[in-house]
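S.K.: This structure is in structure tokens; I'll ask about it shortly.
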Amino acid sequence: MRVGIADTTFARVNMGAIAIDELKKHTSVAIERVTVPGIKDLPVACKKLIEERRCEIVMALGMPGSQEKDRVCAHEASQGLIMCQLMTNTHIVEVFVHEDEAKDDRELAWLAEQRTREHAENAVKLVLYPRELEKDAGTGQRQGFPDAGPARR
Amino acid sequence: MRVGIADTTFARVNMGAIAIDELKKHTSVAIERVTVPGIKDLPVACKKLIEERRCEIVMALGMPGSQEKDRVCAHEASQGLIMCQLMTNTHIVEVFVHEDEAKDDRELAWLAEQRTREHAENAVKLVLYPRELEKDAGTGQRQGFPDAGPARR
Amino acid sequence: MRVGIADTTFARVNMGAIAIDELKKHTSVAIERVTVPGIKDLPVACKKLIEERRCEIVMALGMPGSQEKDRVCAHEASQGLIMCQLMTNTHIVEVFVHEDEAKDDRELAWLAEQRTREHAENAVKLVLYPRELEKDAGTGQRQGFPDAGPARR
Amino acid sequence: MRVGIADTTFARVNMGAIAIDELKKHTSVAIERVTVPGIKDLPVACKKLIEERRCEIVMALGMPGSQEKDRVCAHEASQGLIMCQLMTNTHIVEVFVHEDEAKDDRELAWLAEQRTREHAENAVKLVLYPRELEKDAGTGQRQGFPDAGPARR
Amino acid sequence: MRVGIADTTFARVNMGAIAIDELKKHTSVAIERVTVPGIKDLPVACKKLIEERRCEIVMALGMPGSQEKDRVCAHEASQGLIMCQLMTNTHIVEVFVHEDEAKDDRELAWLAEQRTREHAENAVKLVLYPRELEKDAGTGQRQGFPDAGPARR
């Protein structure tokens, strides 16, 4: 399994390193990593990981700031990541942690690590164990903060 | 008839299972199912169902959360689903239930089930009985909550 | 002249039937009609009318609801219709009537009919009489409600 | 030099005629003109001018209304024009005059004419005299209202 | 290394000249420059620099105004730049300075220069020294204003 990792220098946590650490716990994996300045550089970085470095799946890791402008950037990056997936028929697991999701730096670091690790598991499942995801269909899974759980218990 | 079902682990109701149950009531159907983490993973999942698993139509099932960020995610997913349809000349029936459409978990579960079942019928009609839809043109059909009905009675 | 008509079961007026009635008044025309559940299903429906049923022009008819969510749906549908046109080099005349443009059901029905009829004329002109449109350039034409007229009189 | 002119019947000023008048002052030019109902019809109109009528550059002229719905239309049209340019590697000079930029009809007519004329010059420069634009880089040029000028004087 | 520089006459600082000055400090570089009227002209300008003038990377430099309409323009331009990158598998370093980020003309000029210079360095690293960016992954880099720094110290 060959996994691409694209992260940013803008983020305030080394999400790429965390993703790689987690992936290695779960499977024998070849990693192709690239770091770009900001989240709007991620779509083409992912496309190059898929087409030029033959990744079967990519994790796109970023940390949008808390201003309105940052929210627009995140929206643009997400649209680009979806388009990239459609152009390549390849999943990209977007892991964005918005700075204003956390109450302080400590929680931000925790959230970024936790969400990255849980999504690294999702990346492995998407490629190797799709039935694992199907078993969790409709169960209100969340990455980072606690799961919402199913509506009917 | 081969139908793709793409749903999420984020949703709080097993919409994929409901869709499959309903489809089987209406027609002899081959199902290809995939479950992904969230709604932004649906566009490429649908594209793969169409191109790699030869589905004639796909149902994309998801349950966006109630925060502003979730609304943006739903918007991005919808744009991706429309683009996917244009790239493949294949209908994707989007079934999104916004968590804030329901007043509590019980209504949410009811709404998700009802809307999924009604849209499963639409999927069958789109492929096998397009004249059935034409007969209902301009009659104010809704999926889940009651129909609005025609403006002129 | 072969015209595609795509409308919805969501709309509260049979806009497709009105469009066909109007088109037949103006020219000898072959009609290809399809009805889909909602406006987000229109882009791919139009693409199929163009590519699989060889329409030279398509009318996309819909009636977005009055909630914020409905406005977002209309925006997504419009973006898809523009993309579809760019992919096919074929005009699609979008006829959307927003439920909140009218003060009651009676006005809504009137507006939907009037706008559909005026846009059906536009569709004919786009294909057969482009000079007619050029003569009206910059004259503040509106479809449904009264024309705004030119700024300089 | 072959220039495409796409304008609308919705606009309240004959922007197409003004653009043609101005272009002819600057260079020997072949004009291909098309008028469409509204600004959302412009992207495909421009694509056809480029691909079917072999224009080297196109001016897309429109006048969005002052309501929120009109702003969304303008946004959709602009996105389509950008996509069209990317698909054709051809510049489209967008000249949009928002009705609410002017305090009355008289100013609206003046603004539409002035902006159209200044952008017609830009179109000529983009194709024939790109160095002229480079000389004005970062000088705060505006089309219609007075230039903003450079930040450092 | 061949770098494309696309800037605008709308900007109030000669960002293109600054970018070229900075690039030449870091590496032996061939420059292809184009100046367009506004930021919405940048996506196709970048595409032409990549496809017709064989640039390996492009800097897209612009200065959106402070009105709501300008923010929408910037959003459209950014979406186009991301799409352009996906179509060409080539990085475009977007350097946008919003007029309302600075308190006066003097700070605006300073910010435009500083951000342009720091992003010129990023462009060099993206092509020639990708490991330099990887070393800064997750360290809260900013261009122009001070770095945010890592969340964990």
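Note on naming: chains are A, B, ... as they come in the structure tokens, residues start from 1 per chain, ligands start from 1 in the order shown.
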Near Leu86 (chain E), within 10 Å and counting only C-alpha atoms, which residues show up once chain neighbours fewer than 2 positions away are dropped, as a ChimeraX atom specification?

M.R.: /A:43-48,80-81,83-84,87 /E:80-84,88-91

S.K.: Suppose we keep all heavy atoms; can you now write the selection as a short mmCIF file (atom, residue, chain, number, x, y, z; two decimals), in the first residue's frame?

M.R.:
```cif
data_model
loop_
_atom_site.label_atom_id
_atom_site.label_comp_id
_atom_site.auth_asym_id
_atom_site.auth_seq_id
_atom_site.Cartn_x
_atom_site.Cartn_y
_atom_site.Cartn_z
N PRO A 43 -4.50 20.74 -3.19
CA PRO A 43 -5.10 19.96 -4.27
C PRO A 43 -4.09 19.49 -5.32
O PRO A 43 -4.03 18.31 -5.65
CB PRO A 43 -6.17 20.91 -4.85
CG PRO A 43 -6.58 21.74 -3.67
CD PRO A 43 -5.30 21.97 -2.90
N VAL A 44 -3.29 20.41 -5.84
CA VAL A 44 -2.34 19.98 -6.88
C VAL A 44 -1.24 19.09 -6.29
O VAL A 44 -0.75 18.17 -6.96
CB VAL A 44 -1.73 21.19 -7.64
CG1 VAL A 44 -0.72 21.93 -6.80
CG2 VAL A 44 -1.07 20.72 -8.93
N ALA A 45 -0.90 19.34 -5.04
CA ALA A 45 0.10 18.48 -4.40
C ALA A 45 -0.42 17.03 -4.34
O ALA A 45 0.32 16.08 -4.62
CB ALA A 45 0.41 18.99 -2.99
N CYS A 46 -1.69 16.88 -4.01
CA CYS A 46 -2.30 15.55 -3.96
C CYS A 46 -2.35 14.94 -5.36
O CYS A 46 -2.11 13.75 -5.55
CB CYS A 46 -3.71 15.63 -3.38
SG CYS A 46 -3.73 16.08 -1.63
N LYS A 47 -2.67 15.76 -6.35
CA LYS A 47 -2.77 15.23 -7.71
C LYS A 47 -1.42 14.69 -8.17
O LYS A 47 -1.33 13.64 -8.81
CB LYS A 47 -3.26 16.31 -8.67
CG LYS A 47 -3.56 15.79 -10.07
CD LYS A 47 -4.91 16.22 -10.57
CE LYS A 47 -5.21 15.70 -11.95
NZ LYS A 47 -4.36 16.30 -12.98
N LYS A 48 -0.37 15.41 -7.82
CA LYS A 48 0.98 14.97 -8.20
C LYS A 48 1.37 13.69 -7.43
O LYS A 48 2.02 12.80 -7.98
CB LYS A 48 1.98 16.09 -7.96
CG LYS A 48 1.83 17.25 -8.97
CD LYS A 48 2.49 18.54 -8.52
CE LYS A 48 3.99 18.52 -8.67
NZ LYS A 48 4.49 18.70 -10.03
N GLY A 80 -11.27 21.94 -4.31
CA GLY A 80 -10.18 21.45 -5.15
C GLY A 80 -9.86 19.99 -4.87
O GLY A 80 -9.56 19.22 -5.79
N LEU A 81 -9.92 19.62 -3.60
CA LEU A 81 -9.62 18.23 -3.24
C LEU A 81 -10.68 17.29 -3.81
O LEU A 81 -10.37 16.18 -4.26
CB LEU A 81 -9.52 18.09 -1.72
CG LEU A 81 -8.28 18.75 -1.09
CD1 LEU A 81 -8.39 18.76 0.43
CD2 LEU A 81 -7.00 18.03 -1.53
N MET A 83 -12.52 17.88 -6.52
CA MET A 83 -12.29 17.83 -7.97
C MET A 83 -11.11 16.91 -8.30
O MET A 83 -11.16 16.12 -9.23
CB MET A 83 -12.02 19.24 -8.49
CG MET A 83 -11.76 19.33 -9.97
SD MET A 83 -13.10 18.68 -11.01
CE MET A 83 -14.35 19.92 -10.69
N CYS A 84 -10.06 17.01 -7.50
CA CYS A 84 -8.88 16.16 -7.72
C CYS A 84 -9.26 14.68 -7.63
O CYS A 84 -8.81 13.87 -8.45
CB CYS A 84 -7.82 16.50 -6.68
SG CYS A 84 -6.32 15.54 -6.84
N MET A 87 -11.06 13.64 -10.72
CA MET A 87 -10.17 13.55 -11.89
C MET A 87 -9.29 12.30 -11.86
O MET A 87 -8.78 11.88 -12.88
CB MET A 87 -9.28 14.79 -11.97
CG MET A 87 -10.03 16.08 -12.29
SD MET A 87 -9.02 17.58 -12.00
CE MET A 87 -8.35 17.85 -13.66
N GLY E 80 -10.32 29.46 -9.62
CA GLY E 80 -9.77 29.27 -10.96
C GLY E 80 -8.31 28.86 -10.91
O GLY E 80 -7.86 28.02 -11.69
N LEU E 81 -7.56 29.44 -9.98
CA LEU E 81 -6.14 29.09 -9.86
C LEU E 81 -5.97 27.64 -9.41
O LEU E 81 -5.08 26.94 -9.88
CB LEU E 81 -5.45 30.05 -8.88
CG LEU E 81 -5.29 31.48 -9.39
CD1 LEU E 81 -4.82 32.42 -8.28
CD2 LEU E 81 -4.34 31.55 -10.59
N ILE E 82 -6.85 27.19 -8.51
CA ILE E 82 -6.77 25.79 -8.06
C ILE E 82 -7.12 24.86 -9.23
O ILE E 82 -6.45 23.84 -9.46
CB ILE E 82 -7.70 25.57 -6.85
CG1 ILE E 82 -7.11 26.26 -5.62
CG2 ILE E 82 -7.91 24.08 -6.59
CD1 ILE E 82 -8.00 26.28 -4.40
N MET E 83 -8.16 25.20 -9.98
CA MET E 83 -8.53 24.38 -11.13
C MET E 83 -7.40 24.34 -12.15
O MET E 83 -7.08 23.29 -12.71
CB MET E 83 -9.80 24.94 -11.77
CG MET E 83 -10.29 24.18 -12.98
SD MET E 83 -10.64 22.44 -12.68
CE MET E 83 -12.09 22.60 -11.63
N CYS E 84 -6.78 25.48 -12.39
CA CYS E 84 -5.67 25.55 -13.34
C CYS E 84 -4.54 24.61 -12.92
O CYS E 84 -3.96 23.90 -13.75
CB CYS E 84 -5.17 26.99 -13.41
SG CYS E 84 -3.80 27.22 -14.55
N THR E 88 -3.06 21.20 -14.94
CA THR E 88 -1.69 21.22 -15.47
C THR E 88 -0.69 20.47 -14.61
O THR E 88 0.49 20.37 -14.98
CB THR E 88 -1.19 22.69 -15.57
OG1 THR E 88 -1.24 23.29 -14.27
CG2 THR E 88 -2.06 23.50 -16.53
N ASN E 89 -1.11 19.96 -13.45
CA ASN E 89 -0.17 19.34 -12.50
C ASN E 89 1.02 20.25 -12.19
O ASN E 89 2.16 19.77 -12.07
CB ASN E 89 0.30 17.97 -13.01
CG ASN E 89 -0.71 16.88 -12.72
OD1 ASN E 89 -1.85 17.15 -12.34
ND2 ASN E 89 -0.31 15.63 -12.93
N THR E 90 0.75 21.52 -12.06
CA THR E 90 1.81 22.50 -11.81
C THR E 90 1.39 23.42 -10.67
O THR E 90 0.26 23.91 -10.64
CB THR E 90 2.03 23.34 -13.09
OG1 THR E 90 2.38 22.46 -14.16
CG2 THR E 90 3.13 24.38 -12.90
N HIS E 91 2.31 23.68 -9.76
CA HIS E 91 2.00 24.58 -8.65
C HIS E 91 1.89 26.03 -9.12
O HIS E 91 2.68 26.50 -9.94
CB HIS E 91 3.08 24.51 -7.56
CG HIS E 91 2.91 23.37 -6.62
ND1 HIS E 91 1.94 23.34 -5.66
CD2 HIS E 91 3.58 22.19 -6.51
CE1 HIS E 91 2.02 22.22 -4.96
NE2 HIS E 91 3.01 21.48 -5.47
#
```

S.K.: Considering only helix (DSSP H, G or I) as DSSP defines it on the backbone, what residues of chain B qualify? List them as a ChimeraX atom specification.

M.R.: /B:15-26,39-51,68-88,99-101,105-128,130-135

S.K.: So that I can check the secondary structure, give me every residue of region 30-66 of chain A assigned strand (DSSP E or B) by backbone DSSP, as a PDB file with C-alpha atoms, in the first residue's frame.

M.R.:
```
ATOM      1  CA  ALA A  30       5.174   3.031   1.551  1.00  0.00           C
ATOM      2  CA  ILE A  31       4.926   6.751   2.275  1.00  0.00           C
ATOM      3  CA  GLU A  32       5.293   9.603  -0.218  1.00  0.00           C
ATOM      4  CA  ARG A  33       5.307  12.921   1.619  1.00  0.00           C
ATOM      5  CA  VAL A  34       5.174  16.493   0.434  1.00  0.00           C
ATOM      6  CA  THR A  35       4.824  19.712   2.433  1.00  0.00           C
ATOM      7  CA  VAL A  36       3.394  22.851   0.838  1.00  0.00           C
ATOM      8  CA  ILE A  57      -4.701   7.113  -1.472  1.00  0.00           C
ATOM      9  CA  VAL A  58      -3.655  10.480  -0.071  1.00  0.00           C
ATOM     10  CA  MET A  59      -4.153  12.244   3.227  1.00  0.00           C
ATOM     11  CA  ALA A  60      -4.481  16.025   2.879  1.00  0.00           C
ATOM     12  CA  LEU A  61      -3.689  17.630   6.220  1.00  0.00           C
ATOM     13  CA  GLY A  62      -4.262  21.280   7.051  1.00  0.00           C
TER      14      GLY A  62
END
```

S.K.: Would you pick out the contacts of region 111-127 of chain A at 8 Å or less, using only C-alpha atoms, so that residues sharing its chain but fewer than 2 positions from it are not included, and give the list as a ChimeraX atom specification?

M.R.: /A:13,15,18-19,22-23,26-27,56-59,61,93,95,97,102,107-109,129-133,143-145 /B:36-37

S.K.: Keeping C-alpha atoms for every residue in the selection just given, could you write it to a file as a JSON list (two decimals), in the first residue's frame?

M.R.:
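Result written to result.json:
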```
[["chain", "number", "residue", "atom", "x", "y", "z"],
["A", 13, "VAL", "CA", 1.07, 21.00, 14.40],
["A", 15, "MET", "CA", 0.20, 16.64, 11.14],
["A", 18, "ILE", "CA", 1.62, 12.15, 13.11],
["A", 19, "ALA", "CA", -0.16, 10.61, 10.12],
["A", 22, "GLU", "CA", -0.14, 6.19, 12.85],
["A", 23, "LEU", "CA", -0.16, 4.58, 9.41],
["A", 26, "HIS", "CA", -1.59, -0.41, 11.11],
["A", 27, "THR", "CA", 0.01, -1.77, 7.99],
["A", 56, "GLU", "CA", -3.29, 4.71, -4.03],
["A", 57, "ILE", "CA", -4.70, 7.11, -1.47],
["A", 58, "VAL", "CA", -3.66, 10.48, -0.07],
["A", 59, "MET", "CA", -4.15, 12.24, 3.23],
["A", 61, "LEU", "CA", -3.69, 17.63, 6.22],
["A", 93, "VAL", "CA", -8.85, 11.83, 3.11],
["A", 95, "VAL", "CA", -8.07, 16.21, 7.61],
["A", 97, "VAL", "CA", -8.59, 21.19, 11.91],
["A", 102, "ALA", "CA", -10.16, 24.39, 20.02],
["A", 107, "GLU", "CA", -6.48, 21.53, 22.89],
["A", 108, "LEU", "CA", -5.61, 22.45, 19.30],
["A", 109, "ALA", "CA", -2.54, 20.22, 19.40],
["A", 129, "TYR", "CA", -10.66, -3.09, 4.76],
["A", 130, "PRO", "CA", -13.71, -1.41, 3.21],
["A", 131, "ARG", "CA", -16.04, -3.83, 5.07],
["A", 132, "GLU", "CA", -14.87, -2.31, 8.36],
["A", 133, "LEU", "CA", -16.32, 1.02, 7.28],
["A", 143, "GLN", "CA", -12.80, 12.13, 14.31],
["A", 144, "GLY", "CA", -11.22, 13.96, 17.25],
["A", 145, "PHE", "CA", -14.15, 14.89, 19.48],
["B", 36, "VAL", "CA", -17.04, 6.20, 3.46],
["B", 37, "PRO", "CA", -16.25, 8.39, 6.49]]
```

S.K.: Near Arg71 (chain E), within 10 Å and counting only C-alpha atoms, which residues show up once chain neighbours fewer than 6 positions away are dropped, as a PyMOL selection string?

M.R.: (chain A and resi 69+72) or (chain E and resi 64-65+77+98)

S.K.: What would the file look like if the residues just selected were written as a PDB file, in the first residue's frame with C-alpha atoms?

M.R.:
```pdb
ATOM      1  CA  LYS A  69     -10.796  34.757   4.959  1.00  0.00           C
ATOM      2  CA  VAL A  72     -13.043  30.824   2.435  1.00  0.00           C
TER       3      VAL A  72
ATOM      4  CA  PRO E  64      -8.238  42.425  -4.014  1.00  0.00           C
ATOM      5  CA  GLY E  65     -10.103  45.583  -2.964  1.00  0.00           C
ATOM      6  CA  ALA E  77      -9.901  33.880  -8.899  1.00  0.00           C
ATOM      7  CA  HIS E  98      -6.351  42.181   0.556  1.00  0.00           C
TER       8      HIS E  98
END
```

S.K.: Could you make a table, as a tab-separated table, of the residues of chain C that have an atom within 6 Å of an atom of chain D, each with its nearest atom pair and distance in Å to one decimal, counting only C-alpha atoms, in chain and number order?

M.R.:
```
residue	atom	partner	partner_atom	distance
C:Gln79	CA	D:Glu76	CA	6.0
C:Gln85	CA	D:Val44	CA	5.7
C:Leu86	CA	D:Val44	CA	5.3
C:Leu133	CA	D:Thr35	CA	5.7
C:Glu134	CA	D:Thr35	CA	4.9
C:Asp136	CA	D:Thr9	CA	5.4
C:Ala137	CA	D:Thr9	CA	4.2
C:Gly138	CA	D:Asn14	CA	4.0
C:Thr139	CA	D:Arg12	CA	5.0
C:Gly140	CA	D:Arg12	CA	4.3
C:Gln141	CA	D:Phe10	CA	4.8
C:Pro150	CA	D:Arg12	CA	4.2
C:Ala151	CA	D:Asp105	CA	5.1
```

S.K.: Record the distance separating CA of Pro146 (chain B) and CA of Glu99 (chain B), expressed in Å with one decimal.

M.R.: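 Result for CA of Pro146 (chain B) versus CA of Glu99 (chain B): 18.0 Å, one decimal.
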
S.K.: Calculate how many Å separate CA of Asp100 (chain B) from CA of Ala74 (chain B), rounding to one decimal.

M.R.: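 CA of Asp100 (chain B) sits 13.0 Å away from CA of Ala74 (chain B).
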
S.K.: Interatomic distance between CA of Leu128 (chain A) and CA of Ser78 (chain A)?

M.R.: 24.4 Å
